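Q: One structure, as structure tokens, below. Some questions next.
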Amino acid sequence: MSQPNGQQPWNLRESYTYDRNVIAEIQRAANTGIYRIRGWGAKRELPTLDDLVVLGASMSRYPLEGYREACGTDVVIGADTAENPVRLDIPITIAGMSFGSLSANAKEALGRGASAVGTSTTTGDGGMTPEERTHSSTLVYQYLPSRYGMNPDDLRKADAIEVVVGQGAKPGGGGMLMGQKINERVAEMRTLPEGIDQRSACRHPDWTGPDDLAIKITELREIVDHRVPVYIKVGAARPYYDTALSVKAGADAVVVDGMQGGTAATQNVFIEHVGIPTIAAIPEAVRALQDLGVHREVKLVAAGGIRSGADVAKAIALGADAVSLGTAALIAIGDNDPALEAEYNALGTSAGFWEDFQAGNDPAGITTQDPELASRLDPIIGGRRLANYLNVLAVETQTIARACGKSHVANLEPEDLAALTVEAAAMAKVPLAGTSWIPGQNQA
Amino acid sequence: MSESIFDLADVTVRELNQTLHANESGTFRVLNPRGAHAVAAGINSDVEVHIEGSVGYYCAGMHQRGTVRVHGNASTGLAENIMSGTVHITGSATMSAGATGHGGLLVIEGNAGSRCGISMKGVDIVVGGNVGHMSAFMGQAGNLVVLGDAGADLGDSLYEADIYVRGAVESLGSDCVEKELRPEDLETISRLLSAAGLAAEPTDFTRYGSARELYNFNVDDINAELAEGQS
């Protein structure tokens, strides 16, 4: 049977093994001799929190009135160890993203938006900028392997310290910032020559393993006179052991970043193939906390592909205390805006597909150090957009929690969930919908 | 000026550090450190601290302004991320001494273990004896002066830090090369030896620095080359 254009169907049959993306990547690698470096996060199909559903109240559960009854959203981190614990009004935080990877206006927008709804932002590889400190009411200072811009004066200004062991986009890998984004200010902050392709260290320079890290955390607490909490962030790879060892090292909070977590620049092969999905990571981290008897005491922050209030509610129901998001926050302030379609087209892509955060030519002015491009992002408007988005997420989370009869979102529990696929049931350790079967744990 | 004495057999490191953080100046003598960790960490004033004995990890961590003298040895991360001021020990230091230091002076009269000056960002480090493997790894700025020998892979992936070694170097790391000893290098060595209170002849040192061949990715572009050939 011939097609209208005269082609036979088999003439246009795409290979499953060698689809157009695979062919294009082989051709690109052959032409350039360098691995693909890009931003964003994993783009291939992965199990997500969409593979879970919330059960809601029924005959045996009372729901709360959606618009009337109180449903708390606050989280406190470091209550037992820090003189000034972190108090968040909503369990949704902004993940670490550096000035350098992002423009100063983008960092300001994130600070404004998060502060407006009572939550935190996080620095990144490259240190703390005055603008960021000014506009973030609660600022988490990342302590990274590279120690670029690491300054004890900034450490003392922070509201919390996050020791970064890894991130979801690249567990086991260090940061990367391409030369086109290393302008004079970024280079000076990182003590690097302008224009180099920065490849950050992947290992901390002065500790190896959890026993050392426990001493390192003691040192950090000593330097800030035990005023603020200390988090440990890990890329989701072996979350049970990484969480247990983080607790052993003395963390007040463990941030587990699943493989959907974003990055400003990393090897594509890393983004797509290293780490495990968020849905698989949370229950293992929770199991570690429960085995050590510290669940809900040492806080768990889940990250990687959190997009909606449904994701927030499901992550909390699985046992997280809060979530952290990066990619979604950038979208909220203007990334991949359809209004910029012509400019995305000029870059050979389209709004909704653009991923080249490493390139420094972001039409939205977010992942750039180009002054003209950066000036396109109004940090006040960007901040309002982020605040709106975070408010929606918080209200969506409450909506689900109330439907499950919970007076605080932290009361959501695995019993409120069911899985749509056998794989999700096995990973999330909740029953396959319509059954009582959790693969590996019990019989149907 | 009177001297305050802290006997770590009786008081905690936390009490010591909080006192050091609360004082803008003064002299403090620390007894019985017994390998305690984070002793005198986070100083940001003109205090002078004498530690009588050996210390554990991160002694004088993130040091700013004042002076810390250790009359003994130090474990991992001595004066890590030092910003300014002076840290001076009479004995030896284990791994990662002066790691990521942004400024100031670190003097180790004895030997330093592996990764001395790793990711250094402006600190000056003078080591009277030898340094271990991977020293000045990814060093970005500052000077590492070694009066003895250096272990394997010295200056691997080096940026703009300068390394001066008087003795033998077991091997150089990636992108680290021997460089000409210029008059300004002799001045630097002379100045740092004098600051450290150590004697040596500056011309006896060899300078090592970055070949700068790893600063950017090498990218081929066959398609562009072909297109150019056709145009």
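Each chain in the structure tokens gets a letter, A, B, ..., in the order shown, and its residues are numbered from 1; ligands are numbered from 1 in order too.
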Please, which residues in stretch 37-89 of chain B fall within 9 Å of stretch 122-143 of chain B when counting only C-alpha atoms, and what is the closest atom pair and distance in Å to one decimal for each, ordered by chain then residue number, as JSON lines?
A:
{"residue": "B:Asn81", "atom": "CA", "partner": "B:Val123", "partner_atom": "CA", "distance": 8.5}
{"residue": "B:Ile82", "atom": "CA", "partner": "B:Val123", "partner_atom": "CA", "distance": 7.1}
{"residue": "B:Met83", "atom": "CA", "partner": "B:Val123", "partner_atom": "CA", "distance": 7.4}
{"residue": "B:Ser84", "atom": "CA", "partner": "B:Val123", "partner_atom": "CA", "distance": 7.9}
Q: Please identify all polymer residues within 12 Å of A:His135, counting only C-alpha atoms, omitting same-chain residues fewer than 4 positions from it, and present them as a PyMOL selection string.
A: chain A and resi 104-116+119-122+128-131+139+379-380+383
Q: Grab the residues selected above and save them as a short mmCIF file (atom, residue, chain, number, x, y, z; two decimals), in the first residue's frame with N, CA, C and O atoms.
A:
data_model
loop_
_atom_site.label_atom_id
_atom_site.label_comp_id
_atom_site.auth_asym_id
_atom_site.auth_seq_id
_atom_site.Cartn_x
_atom_site.Cartn_y
_atom_site.Cartn_z
N ALA A 104 22.47 37.56 37.32
CA ALA A 104 22.17 38.19 38.61
C ALA A 104 20.67 38.48 38.71
O ALA A 104 20.06 38.34 39.78
N ASN A 105 20.05 38.89 37.59
CA ASN A 105 18.61 39.17 37.62
C ASN A 105 17.80 37.91 37.91
O ASN A 105 16.78 37.95 38.60
N ALA A 106 18.25 36.78 37.36
CA ALA A 106 17.54 35.53 37.60
C ALA A 106 17.65 35.15 39.07
O ALA A 106 16.66 34.73 39.69
N LYS A 107 18.84 35.30 39.64
CA LYS A 107 19.01 34.99 41.06
C LYS A 107 18.13 35.91 41.92
O LYS A 107 17.54 35.48 42.90
N GLU A 108 18.07 37.17 41.51
CA GLU A 108 17.22 38.11 42.26
C GLU A 108 15.75 37.71 42.17
O GLU A 108 15.02 37.75 43.16
N ALA A 109 15.33 37.33 40.97
CA ALA A 109 13.93 36.91 40.79
C ALA A 109 13.61 35.70 41.67
O ALA A 109 12.54 35.64 42.30
N LEU A 110 14.53 34.75 41.73
CA LEU A 110 14.30 33.58 42.57
C LEU A 110 14.20 33.99 44.04
O LEU A 110 13.33 33.51 44.78
N GLY A 111 15.08 34.90 44.45
CA GLY A 111 15.05 35.36 45.84
C GLY A 111 13.76 36.08 46.16
O GLY A 111 13.13 35.84 47.19
N ARG A 112 13.36 36.96 45.26
CA ARG A 112 12.12 37.72 45.49
C ARG A 112 10.91 36.78 45.58
O ARG A 112 10.06 36.91 46.46
N GLY A 113 10.83 35.86 44.64
CA GLY A 113 9.68 34.96 44.60
C GLY A 113 9.61 34.07 45.81
O GLY A 113 8.55 33.90 46.44
N ALA A 114 10.74 33.47 46.18
CA ALA A 114 10.75 32.56 47.33
C ALA A 114 10.46 33.31 48.61
O ALA A 114 9.68 32.84 49.46
N SER A 115 11.05 34.49 48.75
CA SER A 115 10.85 35.26 49.98
C SER A 115 9.39 35.67 50.14
O SER A 115 8.86 35.70 51.25
N ALA A 116 8.74 35.97 49.02
CA ALA A 116 7.34 36.40 49.08
C ALA A 116 6.43 35.32 49.64
O ALA A 116 5.38 35.62 50.21
N THR A 119 9.76 30.98 51.74
CA THR A 119 10.61 29.80 51.62
C THR A 119 12.04 30.21 51.24
O THR A 119 12.34 31.40 51.11
N SER A 120 12.88 29.23 51.06
CA SER A 120 14.31 29.49 50.90
C SER A 120 14.78 29.36 49.46
O SER A 120 14.20 28.64 48.66
N THR A 121 15.88 30.05 49.18
CA THR A 121 16.64 29.80 47.96
C THR A 121 18.02 29.29 48.37
O THR A 121 18.37 29.31 49.55
N THR A 122 18.79 28.88 47.38
CA THR A 122 20.07 28.25 47.66
C THR A 122 21.11 28.79 46.70
O THR A 122 20.81 28.98 45.51
N MET A 128 28.29 33.38 47.08
CA MET A 128 27.09 34.16 47.37
C MET A 128 27.27 35.58 46.84
O MET A 128 28.30 36.20 47.06
N THR A 129 26.28 36.09 46.12
CA THR A 129 26.35 37.48 45.67
C THR A 129 25.56 38.36 46.65
O THR A 129 24.61 37.89 47.28
N PRO A 130 25.96 39.63 46.76
CA PRO A 130 25.21 40.53 47.65
C PRO A 130 23.73 40.63 47.24
O PRO A 130 22.84 40.70 48.09
N GLU A 131 23.49 40.62 45.91
CA GLU A 131 22.11 40.74 45.43
C GLU A 131 21.26 39.57 45.95
O GLU A 131 20.11 39.74 46.37
N LEU A 139 18.34 32.08 53.04
CA LEU A 139 19.31 31.69 52.01
C LEU A 139 20.18 30.54 52.51
O LEU A 139 20.82 30.65 53.56
N PRO A 379 13.53 41.31 37.24
CA PRO A 379 13.53 40.46 38.44
C PRO A 379 12.29 40.63 39.30
O PRO A 379 11.92 39.71 40.03
N ILE A 380 11.64 41.78 39.19
CA ILE A 380 10.43 41.98 40.00
C ILE A 380 9.27 41.16 39.42
O ILE A 380 8.57 40.43 40.13
N GLY A 383 10.04 37.53 39.90
CA GLY A 383 9.76 37.15 41.27
C GLY A 383 8.27 36.96 41.52
O GLY A 383 7.86 36.02 42.23
#
Q: Find the residues of chain B in contact range of chain A, meaning any atom within 9 Å when counting only C-alpha atoms, and list them as an MDAnalysis selection string.
A: chainID B and resid 13:14 17:18 21 37:39 41:44 57:59 61:64 76:77 80:81 83 95:97 99:100 102 115 118:119 121:122 138 140:141 159:160 214:223
Q: Hey, what's within 7 Å of B:Glu48 if we count only C-alpha atoms and toss same-chain stuff fewer than 2 positions away? As a list in words, please?
A: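 Neighbouring residues, sequence-local ones excluded: Gly26, Thr27, Phe28, Asp46, His50, Gly66, Thr67 and Val68 of chain B.
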Q: Would you save the residues of that selection, restricted to C-alpha atoms, as an mmCIF file, in the first residue's frame?
A:
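And here is the file that came out, out.cif:
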data_model
loop_
_atom_site.group_PDB
_atom_site.id
_atom_site.type_symbol
_atom_site.label_atom_id
_atom_site.label_comp_id
_atom_site.auth_asym_id
_atom_site.auth_seq_id
_atom_site.Cartn_x
_atom_site.Cartn_y
_atom_site.Cartn_z
ATOM 1 C CA GLY B 26 44.471 39.221 72.770
ATOM 2 C CA THR B 27 46.816 36.297 73.272
ATOM 3 C CA PHE B 28 45.497 32.845 74.032
ATOM 4 C CA ASP B 46 43.601 39.930 65.434
ATOM 5 C CA HIS B 50 49.449 29.355 70.721
ATOM 6 C CA GLY B 66 45.063 36.712 63.400
ATOM 7 C CA THR B 67 47.868 34.235 64.059
ATOM 8 C CA VAL B 68 47.659 30.612 65.094
#
Q: So that I can see what lies close to A:Asp159, please list as an mmCIF file with all heavy atoms, in the first residue's frame the residues with an atom at most 8 Å from it, counting only C-alpha atoms and leaving out residues fewer than 2 positions away in the same chain.
A:
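What landed in result_39.cif:
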data_model
loop_
_atom_site.group_PDB
_atom_site.id
_atom_site.type_symbol
_atom_site.label_atom_id
_atom_site.label_comp_id
_atom_site.auth_asym_id
_atom_site.auth_seq_id
_atom_site.Cartn_x
_atom_site.Cartn_y
_atom_site.Cartn_z
ATOM 1 N N ASN A 84 19.315 29.105 65.457
ATOM 2 C CA ASN A 84 18.312 29.698 64.566
ATOM 3 C C ASN A 84 17.888 28.668 63.519
ATOM 4 O O ASN A 84 18.416 28.667 62.408
ATOM 5 C CB ASN A 84 18.869 30.932 63.853
ATOM 6 C CG ASN A 84 19.386 31.967 64.811
ATOM 7 O OD1 ASN A 84 18.824 32.185 65.878
ATOM 8 N ND2 ASN A 84 20.493 32.600 64.455
ATOM 9 N N VAL A 86 15.879 26.794 60.514
ATOM 10 C CA VAL A 86 15.211 27.306 59.317
ATOM 11 C C VAL A 86 13.716 27.036 59.451
ATOM 12 O O VAL A 86 13.302 25.906 59.705
ATOM 13 C CB VAL A 86 15.775 26.623 58.055
ATOM 14 C CG1 VAL A 86 14.854 26.833 56.858
ATOM 15 C CG2 VAL A 86 17.173 27.162 57.748
ATOM 16 N N THR A 138 15.492 33.770 53.327
ATOM 17 C CA THR A 138 16.131 32.566 53.871
ATOM 18 C C THR A 138 17.033 32.010 52.783
ATOM 19 O O THR A 138 16.560 31.562 51.735
ATOM 20 C CB THR A 138 15.079 31.513 54.275
ATOM 21 O OG1 THR A 138 14.182 32.113 55.213
ATOM 22 C CG2 THR A 138 15.737 30.300 54.908
ATOM 23 N N LEU A 139 18.335 32.081 53.038
ATOM 24 C CA LEU A 139 19.306 31.694 52.007
ATOM 25 C C LEU A 139 20.178 30.544 52.512
ATOM 26 O O LEU A 139 20.819 30.654 53.559
ATOM 27 C CB LEU A 139 20.175 32.898 51.628
ATOM 28 C CG LEU A 139 21.221 32.678 50.545
ATOM 29 C CD1 LEU A 139 20.598 32.195 49.243
ATOM 30 C CD2 LEU A 139 22.008 33.966 50.290
ATOM 31 N N VAL A 140 20.182 29.476 51.748
ATOM 32 C CA VAL A 140 21.002 28.305 52.076
ATOM 33 C C VAL A 140 22.313 28.418 51.288
ATOM 34 O O VAL A 140 22.290 28.622 50.069
ATOM 35 C CB VAL A 140 20.263 27.002 51.689
ATOM 36 C CG1 VAL A 140 21.105 25.779 52.056
ATOM 37 C CG2 VAL A 140 18.895 26.940 52.360
ATOM 38 N N TYR A 141 23.414 28.311 52.003
ATOM 39 C CA TYR A 141 24.738 28.494 51.376
ATOM 40 C C TYR A 141 25.324 27.124 51.062
ATOM 41 O O TYR A 141 25.543 26.316 51.962
ATOM 42 C CB TYR A 141 25.644 29.253 52.343
ATOM 43 C CG TYR A 141 26.979 29.716 51.793
ATOM 44 C CD1 TYR A 141 27.080 30.345 50.573
ATOM 45 C CD2 TYR A 141 28.142 29.538 52.534
ATOM 46 C CE1 TYR A 141 28.307 30.799 50.102
ATOM 47 C CE2 TYR A 141 29.372 29.991 52.067
ATOM 48 C CZ TYR A 141 29.444 30.620 50.846
ATOM 49 O OH TYR A 141 30.658 31.071 50.378
ATOM 50 N N LYS A 157 26.756 34.653 57.065
ATOM 51 C CA LYS A 157 25.518 35.365 56.678
ATOM 52 C C LYS A 157 24.405 34.397 56.298
ATOM 53 O O LYS A 157 23.266 34.809 56.080
ATOM 54 C CB LYS A 157 25.791 36.255 55.462
ATOM 55 C CG LYS A 157 26.629 37.470 55.743
ATOM 56 C CD LYS A 157 26.820 38.231 54.427
ATOM 57 C CE LYS A 157 28.038 39.126 54.484
ATOM 58 N NZ LYS A 157 28.604 39.392 53.165
ATOM 59 N N ILE A 161 23.525 25.822 55.947
ATOM 60 C CA ILE A 161 24.660 25.404 55.125
ATOM 61 C C ILE A 161 24.307 24.059 54.497
ATOM 62 O O ILE A 161 23.822 23.169 55.199
ATOM 63 C CB ILE A 161 25.936 25.257 55.994
ATOM 64 C CG1 ILE A 161 26.270 26.583 56.694
ATOM 65 C CG2 ILE A 161 27.112 24.767 55.147
ATOM 66 C CD1 ILE A 161 27.276 26.432 57.829
ATOM 67 N N VAL A 228 23.190 27.902 62.743
ATOM 68 C CA VAL A 228 22.300 27.509 61.632
ATOM 69 C C VAL A 228 22.398 26.006 61.356
ATOM 70 O O VAL A 228 23.412 25.375 61.665
ATOM 71 C CB VAL A 228 22.641 28.300 60.346
ATOM 72 C CG1 VAL A 228 22.502 29.789 60.589
ATOM 73 C CG2 VAL A 228 24.030 27.960 59.828
ATOM 74 N N PRO A 229 21.359 25.435 60.770
ATOM 75 C CA PRO A 229 21.388 24.005 60.470
ATOM 76 C C PRO A 229 22.311 23.659 59.302
ATOM 77 O O PRO A 229 22.660 24.526 58.495
ATOM 78 C CB PRO A 229 19.933 23.681 60.111
ATOM 79 C CG PRO A 229 19.286 24.966 59.813
ATOM 80 C CD PRO A 229 20.067 26.055 60.455
#
Q: Could you check the closest approach to B:Arg34 for each of B:Gly148, B:Gly53, B:Pro202, B:Gly167 and tell me which residue wins, using only C-alpha atoms?
A: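 Residue with the minimum atom-to-atom distance to B:Arg34: B:Gly53.
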Q: Using only C-alpha atoms, which residues sit within 12 Å of B:Leu172 once same-chain residues fewer than 6 positions away are excluded, as a list in words?
A: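 Result of the neighbour search: His133, Met134, Ser135, Ala136, Phe137, Ala150, Gly151, Ala152, Asp153, Leu154, Gly155, Asp156, Ser157, Leu158, Ile163, Val165, Glu178, Arg207, Tyr208, Gly209, Ser210 and Ala211 of chain B.
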Q: Considering only C-alpha atoms, return as an MDAnalysis selection string whatever protein or nucleic-acid residues lie within 12 Å of A:Glu372, sequence-local ones (same chain, fewer than 4 positions apart) excluded.
A: chainID A and resid 103 105 360:366 368 376:377
Q: So that I can check the secondary structure, give me every residue of stretch 1-198 of chain B assigned helix (DSSP H, G or I) by backbone DSSP, as a PyMOL selection string.
A: chain B and resi 13-22+183-196
